$ cat upload23.cif   # mmCIF, C-alpha atoms
data_entry
loop_
_atom_site.label_atom_id
_atom_site.label_comp_id
_atom_site.auth_asym_id
_atom_site.auth_seq_id
_atom_site.Cartn_x
_atom_site.Cartn_y
_atom_site.Cartn_z
CA MET A 1261 6.91 -75.99 47.68
CA THR A 1262 8.66 -72.63 47.28
CA THR A 1263 9.50 -70.91 44.03
CA ILE A 1264 13.19 -71.72 44.52
CA ASP A 1265 12.32 -75.39 45.07
CA THR A 1266 10.35 -75.34 41.85
CA LEU A 1267 13.24 -73.83 39.94
CA VAL A 1268 15.63 -76.62 40.96
CA ARG A 1269 13.40 -79.65 40.47
CA PRO A 1270 15.38 -82.62 39.06
CA HIS A 1271 13.42 -82.77 35.81
CA LEU A 1272 13.35 -79.03 35.22
CA ALA A 1273 16.07 -79.14 32.53
CA ARG A 1274 14.35 -81.94 30.61
CA ASP A 1275 10.91 -80.36 30.90
CA THR A 1276 12.27 -76.94 29.93
CA LYS A 1277 13.89 -78.46 26.84
CA ASN A 1278 10.58 -80.04 25.85
CA VAL A 1279 8.70 -76.75 26.29
CA LEU A 1280 11.43 -74.84 24.44
CA THR A 1281 11.26 -77.28 21.52
CA ARG A 1282 7.48 -76.95 21.40
CA GLU A 1283 7.66 -73.16 21.41
CA LEU A 1284 10.36 -72.98 18.71
CA LYS A 1285 8.52 -75.15 16.20
CA PRO A 1286 6.02 -72.44 15.11
CA VAL A 1287 8.92 -70.00 14.68
CA LEU A 1288 10.82 -72.44 12.47
CA ARG A 1289 7.70 -73.25 10.45
CA ASP A 1290 6.90 -69.58 9.91
CA PRO A 1291 10.19 -67.59 9.70
CA PHE A 1292 8.35 -64.72 8.02
CA THR A 1293 7.09 -63.74 11.47
CA LEU A 1294 10.67 -62.84 12.36
CA ILE A 1295 11.08 -60.89 9.15
CA PHE A 1296 7.83 -58.99 9.67
CA SER A 1297 8.84 -58.10 13.24
CA LEU A 1298 11.90 -56.35 11.81
CA LEU A 1299 9.71 -53.80 10.06
CA GLN A 1300 9.56 -51.33 12.95
CA PRO A 1301 13.32 -51.28 13.74
CA LEU A 1302 14.12 -51.02 10.03
CA VAL A 1303 11.81 -48.00 9.74
CA PHE A 1304 13.61 -46.35 12.67
CA LEU A 1305 16.98 -47.24 11.18
CA GLY A 1306 16.05 -46.00 7.71
CA LEU A 1307 14.17 -42.83 8.63
CA PHE A 1308 15.38 -41.80 12.08
CA ALA A 1309 19.12 -42.40 11.69
CA PRO A 1310 19.48 -40.02 8.70
CA LEU A 1311 17.91 -37.26 10.81
CA LEU A 1312 20.49 -37.81 13.53
CA ILE A 1313 23.32 -37.91 11.00
CA GLY A 1314 22.17 -34.68 9.35
CA ASP A 1315 21.59 -32.94 12.66
CA SER A 1316 24.90 -33.87 14.29
CA GLY A 1317 27.19 -33.30 11.35
CA ARG A 1318 29.24 -36.30 12.49
CA PRO A 1319 30.30 -39.15 10.17
CA ALA A 1320 27.56 -41.70 9.49
CA GLY A 1321 29.57 -44.49 11.08
CA GLU A 1322 29.94 -42.61 14.36
CA THR A 1323 26.23 -41.81 14.51
CA LEU A 1324 25.26 -45.39 13.68
CA ALA A 1325 27.63 -46.65 16.39
CA TRP A 1326 25.48 -44.68 18.84
CA PHE A 1327 22.10 -45.41 17.27
CA VAL A 1328 22.21 -49.10 16.23
CA PRO A 1329 22.74 -50.52 19.77
CA GLY A 1330 19.66 -48.61 20.87
CA VAL A 1331 17.66 -50.10 17.99
CA LEU A 1332 18.72 -53.59 19.06
CA VAL A 1333 17.51 -52.95 22.61
CA MET A 1334 14.27 -51.59 21.12
CA ILE A 1335 13.79 -54.93 19.30
CA VAL A 1336 14.05 -56.72 22.63
CA LEU A 1337 11.79 -54.23 24.40
CA PHE A 1338 8.96 -54.41 21.87
CA GLY A 1339 9.43 -58.04 20.83
CA THR A 1340 9.61 -59.75 24.21
CA GLY A 1341 7.27 -57.22 25.82
CA ALA A 1342 4.47 -58.42 23.56
CA THR A 1343 5.03 -62.17 23.88
CA GLY A 1344 2.44 -62.47 26.64
CA SER A 1345 -0.26 -61.96 24.03
CA ASN A 1346 0.60 -65.42 22.63
CA LEU A 1347 -0.01 -66.94 26.05
CA GLN A 1348 -3.28 -65.04 26.31
CA TYR A 1349 -4.37 -66.57 23.00
CA GLU A 1350 -3.48 -70.05 24.31
CA MET A 1351 -5.54 -69.41 27.45
CA MET A 1352 -8.53 -68.26 25.41
CA THR A 1353 -8.36 -71.33 23.13
CA GLY A 1354 -7.77 -73.79 25.98
CA SER A 1355 -4.30 -74.77 24.78
CA HIS A 1356 -2.66 -73.47 27.96
CA GLU A 1357 -4.96 -75.52 30.18
CA ARG A 1358 -3.94 -78.67 28.29
CA THR A 1359 -0.27 -77.99 28.96
CA LEU A 1360 -1.02 -77.56 32.67
CA VAL A 1361 -2.18 -81.18 32.96
CA ALA A 1362 0.97 -82.46 31.24
CA PRO A 1363 3.58 -84.14 33.50
CA LEU A 1364 5.86 -81.09 33.42
CA ALA A 1365 7.41 -78.93 36.12
CA ARG A 1366 5.25 -75.81 36.28
CA SER A 1367 8.34 -73.59 36.21
CA SER A 1368 9.46 -75.20 32.93
CA LEU A 1369 6.34 -73.81 31.22
CA LEU A 1370 7.59 -70.32 32.01
CA VAL A 1371 11.35 -70.87 31.63
CA GLY A 1372 10.97 -72.71 28.32
CA ARG A 1373 8.78 -69.97 26.88
CA ALA A 1374 11.18 -67.29 28.11
CA LEU A 1375 14.24 -69.02 26.62
CA LYS A 1376 12.43 -69.24 23.28
CA GLU A 1377 12.80 -65.47 22.99
CA ILE A 1378 16.59 -65.77 22.68
CA ALA A 1379 16.53 -67.14 19.12
CA PRO A 1380 14.47 -64.30 17.57
CA ILE A 1381 16.53 -61.71 19.48
CA VAL A 1382 19.85 -63.02 18.14
CA VAL A 1383 18.58 -63.45 14.56
CA GLN A 1384 16.97 -60.00 14.41
CA ALA A 1385 20.00 -58.30 15.98
CA LEU A 1386 22.38 -59.88 13.48
CA VAL A 1387 20.15 -58.87 10.57
CA ILE A 1388 20.13 -55.24 11.75
CA VAL A 1389 23.92 -55.26 12.18
CA VAL A 1390 24.43 -56.68 8.67
CA ILE A 1391 22.07 -54.11 7.14
CA ALA A 1392 23.80 -51.21 8.91
CA TRP A 1393 27.31 -52.40 8.06
CA PRO A 1394 27.51 -51.04 4.46
CA PHE A 1395 26.50 -47.59 5.73
CA GLY A 1396 29.53 -47.24 7.97
CA PHE A 1397 28.49 -49.14 11.07
CA ALA A 1398 31.18 -51.29 12.65
CA ALA A 1399 31.27 -53.31 15.86
CA ASP A 1400 33.94 -55.01 17.90
CA VAL A 1401 33.51 -58.76 17.37
CA VAL A 1402 33.96 -59.75 21.02
CA GLY A 1403 31.81 -56.83 22.12
CA LEU A 1404 29.12 -57.90 19.65
CA LEU A 1405 29.02 -61.43 21.07
CA VAL A 1406 28.90 -60.20 24.67
CA GLY A 1407 26.25 -57.67 23.63
CA LEU A 1408 24.08 -60.40 22.11
CA ALA A 1409 24.39 -62.41 25.33
CA LEU A 1410 23.35 -59.35 27.32
CA LEU A 1411 20.33 -58.83 25.06
CA ALA A 1412 19.38 -62.50 25.48
CA VAL A 1413 19.44 -62.30 29.29
CA PHE A 1414 17.48 -59.05 29.23
CA GLY A 1415 14.97 -60.55 26.80
CA VAL A 1416 14.38 -63.60 29.01
CA GLY A 1417 13.51 -61.27 31.89
CA LEU A 1418 11.18 -59.07 29.84
CA GLY A 1419 9.54 -62.09 28.24
CA SER A 1420 8.89 -63.61 31.67
CA LEU A 1421 7.33 -60.36 32.89
CA SER A 1422 5.16 -60.24 29.76
CA TYR A 1423 3.93 -63.78 30.41
CA SER A 1424 3.23 -62.82 34.02
CA LEU A 1425 1.13 -59.89 32.84
CA ALA A 1426 -0.78 -62.21 30.48
CA LEU A 1427 -1.52 -64.60 33.34
CA ALA A 1428 -2.70 -61.71 35.50
CA THR A 1429 -4.99 -60.21 32.85
CA LYS A 1430 -6.15 -63.60 31.45
CA ASP A 1431 -8.79 -63.07 28.72
CA ARG A 1432 -8.83 -59.27 29.08
CA GLU A 1433 -6.64 -58.56 26.09
CA TRP A 1434 -7.37 -54.82 26.22
CA LEU A 1435 -5.95 -54.67 29.74
CA PHE A 1436 -2.78 -56.51 28.74
CA TRP A 1437 -2.06 -54.10 25.90
CA GLY A 1438 -3.02 -51.07 27.99
CA VAL A 1439 -0.55 -51.93 30.74
CA GLN A 1440 2.10 -53.02 28.25
CA GLN A 1441 1.98 -49.77 26.27
CA ALA A 1442 1.83 -47.65 29.42
CA LEU A 1443 5.08 -49.21 30.61
CA ILE A 1444 7.08 -49.68 27.41
CA PHE A 1445 6.97 -46.17 25.98
CA PRO A 1446 8.19 -44.39 29.15
CA LEU A 1447 10.96 -46.99 29.44
CA LEU A 1448 11.91 -46.34 25.81
CA ILE A 1449 11.92 -42.55 26.02
CA LEU A 1450 13.75 -42.49 29.38
CA SER A 1451 16.51 -44.79 28.15
CA GLY A 1452 18.23 -42.47 25.68
CA MET A 1453 17.58 -45.15 23.11
CA LEU A 1454 16.59 -42.85 20.25
CA LEU A 1455 17.61 -39.41 21.49
CA PRO A 1456 20.39 -38.43 23.93
CA LEU A 1457 19.28 -37.31 27.38
CA ASP A 1458 22.21 -34.93 27.93
CA ASP A 1459 20.01 -31.85 27.53
CA ALA A 1460 16.93 -33.37 29.15
CA PRO A 1461 15.36 -31.83 32.28
CA ASP A 1462 16.96 -32.87 35.55
CA TRP A 1463 13.97 -34.99 36.58
CA MET A 1464 14.19 -37.02 33.36
CA ARG A 1465 17.88 -37.73 33.90
CA VAL A 1466 17.19 -38.79 37.48
CA VAL A 1467 14.48 -41.22 36.38
CA ALA A 1468 16.72 -42.47 33.55
CA SER A 1469 19.45 -43.25 36.08
CA VAL A 1470 17.21 -45.91 37.68
CA ASN A 1471 15.78 -47.19 34.40
CA PRO A 1472 17.31 -50.64 33.69
CA VAL A 1473 16.71 -50.18 29.96
CA ASN A 1474 18.95 -47.10 30.02
CA TRP A 1475 21.85 -49.08 31.48
CA VAL A 1476 21.41 -51.90 28.99
CA VAL A 1477 21.47 -49.37 26.13
CA GLN A 1478 24.62 -47.73 27.47
CA ALA A 1479 26.26 -51.12 27.97
CA GLU A 1480 25.47 -52.16 24.39
CA ARG A 1481 27.04 -48.97 23.04
CA ALA A 1482 30.19 -49.54 25.07
CA LEU A 1483 30.40 -53.21 24.06
CA PHE A 1484 29.91 -52.53 20.36
CA ALA A 1485 32.67 -49.90 20.57
CA GLY A 1486 34.99 -52.47 22.15
CA ASP A 1487 35.04 -50.82 25.60
CA LEU A 1488 34.43 -54.08 27.47
CA GLY A 1489 35.84 -52.68 30.71
CA ASP A 1490 33.56 -49.64 30.78
CA ILE A 1491 31.57 -49.26 34.02
CA THR A 1492 28.33 -49.06 32.02
CA VAL A 1493 28.90 -52.67 30.91
CA LEU A 1494 28.86 -53.79 34.54
CA TRP A 1495 25.69 -51.80 35.26
CA GLY A 1496 24.10 -53.14 32.09
CA TRP A 1497 24.70 -56.73 33.23
CA VAL A 1498 23.46 -55.96 36.73
CA SER A 1499 20.28 -54.47 35.26
CA ALA A 1500 19.71 -57.33 32.81
CA LEU A 1501 20.31 -60.01 35.45
CA ALA A 1502 18.03 -58.21 37.92
CA VAL A 1503 15.23 -58.02 35.33
CA ALA A 1504 15.75 -61.70 34.45
CA LEU A 1505 15.68 -62.80 38.09
CA VAL A 1506 12.60 -60.73 38.96
CA GLY A 1507 10.85 -61.84 35.77
CA LEU A 1508 11.49 -65.54 36.34
CA VAL A 1509 10.52 -65.47 40.03
CA VAL A 1510 7.35 -63.47 39.39
CA GLY A 1511 6.52 -65.59 36.35
CA VAL A 1512 6.99 -68.93 38.09
CA ARG A 1513 4.77 -67.81 40.97
CA ALA A 1514 2.13 -66.60 38.52
CA ILE A 1515 2.09 -69.81 36.52
CA ARG A 1516 1.89 -71.91 39.70
CA ARG A 1517 -1.10 -69.89 40.87
CA SER A 1518 -2.80 -70.37 37.51
CA SER A 1519 -2.53 -74.17 37.65
#

$ encode --input "upload23.cif" --output "structure tokens"
Amino acid sequence: MTTIDTLVRPHLARDTKNVLTRELKPVLRDPFTLIFSLLQPLVFLGLFAPLLIGDSGRPAGETLAWFVPGVLVMIVLFGTGATGSNLQYEMMTGSHERTLVAPLARSSLLVGRALKEIAPIVVQALVIVVIAWPFGFAADVVGLLVGLALLAVFGVGLGSLSYSLALATKDREWLFWGVQQALIFPLLILSGMLLPLDDAPDWMRVVASVNPVNWVVQAERALFAGDLGDITVLWGWVSALAVALVGLVVGVRAIRRSS
């Protein structure tokens, strides 16, 4: 059976719903996990944004309009990029092996887990937007909704890749975190998420031009500003969908091999 066959199995929707429900229950029982995960973006928002405002001399609202979308993408990058560690813990405790013998489509184990990442992404993004609002940040309502959808698609892809990495590294937690950190920080720096790349060396701008995170960041800025027809929005969606497709295909293959 091919990966595509697995993705379209008749009971995939039902099985995915069951896995999604199972994965969301710990989040609902312990909402403080979501609050604690906001600590890092809030630190960046509270300490890094004032430096940009003071350095640029521009109004706070204009600077936040540039900075906040990048912080939201950073939430997705760090949050979903680390979700594989939860799967590693399940493998070490034997919980994952018990789910493998359940009468579920193997692809639903990956898709359900990946979809679970949407809820924390949306909640955390809205909290950041509300916190930034009194300080001059404003966002187009339609652009905000489309931006949240874009973040959700991007997060599903990154979450799937994180689960794939967990399956590949198994009980070697040090290897998971080593690879994860080695990938995430270059992606962050070469995305213009925290600092503009206009004055960066030519080689950095070339690499940034093929960095999907860079296009998602640019798309979020355009969407929040209400520029829904901007070309960066198209490239942001192309990048997010490509990451989601690659993540799901790689993840489904990995989880089938592990069973």

$ residues_around --input "upload23.cif" --residues "Trp1437 (chain A)" --least-positions-apart "3" --cutoff "10 Å" --atoms "all atoms listed in the file" --output "ChimeraX atom specification"
/A:1341-1342,1344-1345,1425-1426,1429,1432-1434,1440-1443

$ resolve_selection --input "upload23.cif" --expression "the PyMOL selection byres ((chain A and resi 1486) around 12)" --output "list in words"
Ala1325, Ala1398, Ala1399, Asp1400, Val1401, Val1402, Gly1403, Leu1404, Leu1405, Val1406, Gly1407, Ala1479, Glu1480, Arg1481, Ala1482, Leu1483, Phe1484, Ala1485, Asp1487, Leu1488, Gly1489, Asp1490 and Val1493 of chain A

$ atom_distance --input "upload23.cif" --atom1 "CA of Leu1332 (chain A)" --atom2 "CA of Ala1385 (chain A)"
5.8 Å

$ closest_residue --input "upload23.cif" --among "A:Pro1472, A:Gly1372, A:Gly1419, A:Pro1329" --to "Leu1447 (chain A)" --atoms "all atoms listed in the file"
A:Pro1472

$ resolve_selection --input "upload23.cif" --expression "the PyMOL selection byres ((chain A and resi 1338-1340) around 8)" --output "JSON list (two decimals) with C-alpha atoms, in the frame of the given file"
[["chain", "number", "residue", "atom", "x", "y", "z"],
["A", 1297, "SER", "CA", 8.84, -58.10, 13.24],
["A", 1334, "MET", "CA", 14.27, -51.59, 21.12],
["A", 1335, "ILE", "CA", 13.79, -54.93, 19.30],
["A", 1336, "VAL", "CA", 14.05, -56.72, 22.63],
["A", 1337, "LEU", "CA", 11.79, -54.23, 24.40],
["A", 1341, "GLY", "CA", 7.27, -57.22, 25.82],
["A", 1342, "ALA", "CA", 4.47, -58.42, 23.56],
["A", 1343, "THR", "CA", 5.03, -62.17, 23.88],
["A", 1377, "GLU", "CA", 12.80, -65.47, 22.99],
["A", 1415, "GLY", "CA", 14.97, -60.55, 26.80],
["A", 1416, "VAL", "CA", 14.38, -63.60, 29.01],
["A", 1418, "LEU", "CA", 11.18, -59.07, 29.84],
["A", 1419, "GLY", "CA", 9.54, -62.09, 28.24],
["A", 1422, "SER", "CA", 5.16, -60.24, 29.76],
["A", 1444, "ILE", "CA", 7.08, -49.68, 27.41]]

$ closest_residue --input "upload23.cif" --among "A:Leu1312, A:Leu1347, A:Ala1362, A:Val1331" --to "Val1476 (chain A)" --atoms "all atoms listed in the file"
A:Val1331

$ build_atoms --input "upload23.cif" --residues "region 1430-1451 of chain A" --atoms "N, CA and C atoms" --output "PDB file, in the frame of the given file"
ATOM      1  N   LYS A1430      -5.385 -62.481  32.006  1.00  0.00           N
ATOM      2  CA  LYS A1430      -6.150 -63.600  31.450  1.00  0.00           C
ATOM      3  C   LYS A1430      -6.791 -63.231  30.111  1.00  0.00           C
ATOM      4  N   ASP A1431      -8.140 -63.286  30.012  1.00  0.00           N
ATOM      5  CA  ASP A1431      -8.790 -63.070  28.720  1.00  0.00           C
ATOM      6  C   ASP A1431      -9.082 -61.599  28.438  1.00  0.00           C
ATOM      7  N   ARG A1432      -8.613 -60.699  29.313  1.00  0.00           N
ATOM      8  CA  ARG A1432      -8.830 -59.270  29.080  1.00  0.00           C
ATOM      9  C   ARG A1432      -7.675 -58.715  28.257  1.00  0.00           C
ATOM     10  N   GLU A1433      -7.731 -58.949  26.975  1.00  0.00           N
ATOM     11  CA  GLU A1433      -6.640 -58.560  26.090  1.00  0.00           C
ATOM     12  C   GLU A1433      -6.413 -57.053  26.107  1.00  0.00           C
ATOM     13  N   TRP A1434      -7.480 -56.273  26.204  1.00  0.00           N
ATOM     14  CA  TRP A1434      -7.370 -54.820  26.220  1.00  0.00           C
ATOM     15  C   TRP A1434      -6.550 -54.351  27.422  1.00  0.00           C
ATOM     16  N   LEU A1435      -6.688 -55.051  28.544  1.00  0.00           N
ATOM     17  CA  LEU A1435      -5.950 -54.670  29.740  1.00  0.00           C
ATOM     18  C   LEU A1435      -4.468 -54.993  29.591  1.00  0.00           C
ATOM     19  N   PHE A1436      -4.177 -56.143  28.988  1.00  0.00           N
ATOM     20  CA  PHE A1436      -2.780 -56.510  28.740  1.00  0.00           C
ATOM     21  C   PHE A1436      -2.077 -55.443  27.916  1.00  0.00           C
ATOM     22  N   TRP A1437      -2.709 -55.068  26.776  1.00  0.00           N
ATOM     23  CA  TRP A1437      -2.060 -54.100  25.900  1.00  0.00           C
ATOM     24  C   TRP A1437      -2.020 -52.711  26.520  1.00  0.00           C
ATOM     25  N   GLY A1438      -3.030 -52.361  27.321  1.00  0.00           N
ATOM     26  CA  GLY A1438      -3.020 -51.070  27.990  1.00  0.00           C
ATOM     27  C   GLY A1438      -1.862 -50.927  28.951  1.00  0.00           C
ATOM     28  N   VAL A1439      -1.666 -51.956  29.779  1.00  0.00           N
ATOM     29  CA  VAL A1439      -0.550 -51.930  30.740  1.00  0.00           C
ATOM     30  C   VAL A1439       0.785 -52.000  30.008  1.00  0.00           C
ATOM     31  N   GLN A1440       0.849 -52.863  28.993  1.00  0.00           N
ATOM     32  CA  GLN A1440       2.100 -53.020  28.250  1.00  0.00           C
ATOM     33  C   GLN A1440       2.550 -51.718  27.600  1.00  0.00           C
ATOM     34  N   GLN A1441       1.632 -51.033  26.934  1.00  0.00           N
ATOM     35  CA  GLN A1441       1.980 -49.770  26.270  1.00  0.00           C
ATOM     36  C   GLN A1441       2.301 -48.675  27.284  1.00  0.00           C
ATOM     37  N   ALA A1442       1.584 -48.664  28.404  1.00  0.00           N
ATOM     38  CA  ALA A1442       1.830 -47.650  29.420  1.00  0.00           C
ATOM     39  C   ALA A1442       3.201 -47.787  30.054  1.00  0.00           C
ATOM     40  N   LEU A1443       3.758 -48.987  30.029  1.00  0.00           N
ATOM     41  CA  LEU A1443       5.080 -49.210  30.610  1.00  0.00           C
ATOM     42  C   LEU A1443       6.202 -49.072  29.590  1.00  0.00           C
ATOM     43  N   ILE A1444       5.992 -49.606  28.391  1.00  0.00           N
ATOM     44  CA  ILE A1444       7.080 -49.680  27.410  1.00  0.00           C
ATOM     45  C   ILE A1444       7.512 -48.313  26.905  1.00  0.00           C
ATOM     46  N   PHE A1445       6.576 -47.442  26.580  1.00  0.00           N
ATOM     47  CA  PHE A1445       6.970 -46.170  25.980  1.00  0.00           C
ATOM     48  C   PHE A1445       7.743 -45.262  26.947  1.00  0.00           C
ATOM     49  N   PRO A1446       7.348 -45.139  28.218  1.00  0.00           N
ATOM     50  CA  PRO A1446       8.190 -44.390  29.150  1.00  0.00           C
ATOM     51  C   PRO A1446       9.583 -44.996  29.299  1.00  0.00           C
ATOM     52  N   LEU A1447       9.658 -46.340  29.346  1.00  0.00           N
ATOM     53  CA  LEU A1447      10.960 -46.990  29.440  1.00  0.00           C
ATOM     54  C   LEU A1447      11.817 -46.676  28.230  1.00  0.00           C
ATOM     55  N   LEU A1448      11.185 -46.641  27.050  1.00  0.00           N
ATOM     56  CA  LEU A1448      11.910 -46.340  25.810  1.00  0.00           C
ATOM     57  C   LEU A1448      12.425 -44.910  25.805  1.00  0.00           C
ATOM     58  N   ILE A1449      11.551 -43.968  26.088  1.00  0.00           N
ATOM     59  CA  ILE A1449      11.920 -42.550  26.020  1.00  0.00           C
ATOM     60  C   ILE A1449      12.973 -42.207  27.080  1.00  0.00           C
ATOM     61  N   LEU A1450      12.840 -42.807  28.275  1.00  0.00           N
ATOM     62  CA  LEU A1450      13.750 -42.490  29.380  1.00  0.00           C
ATOM     63  C   LEU A1450      14.972 -43.403  29.399  1.00  0.00           C
ATOM     64  N   SER A1451      15.320 -43.948  28.250  1.00  0.00           N
ATOM     65  CA  SER A1451      16.510 -44.790  28.150  1.00  0.00           C
ATOM     66  C   SER A1451      17.591 -44.163  27.274  1.00  0.00           C
TER      67      SER A1451
END
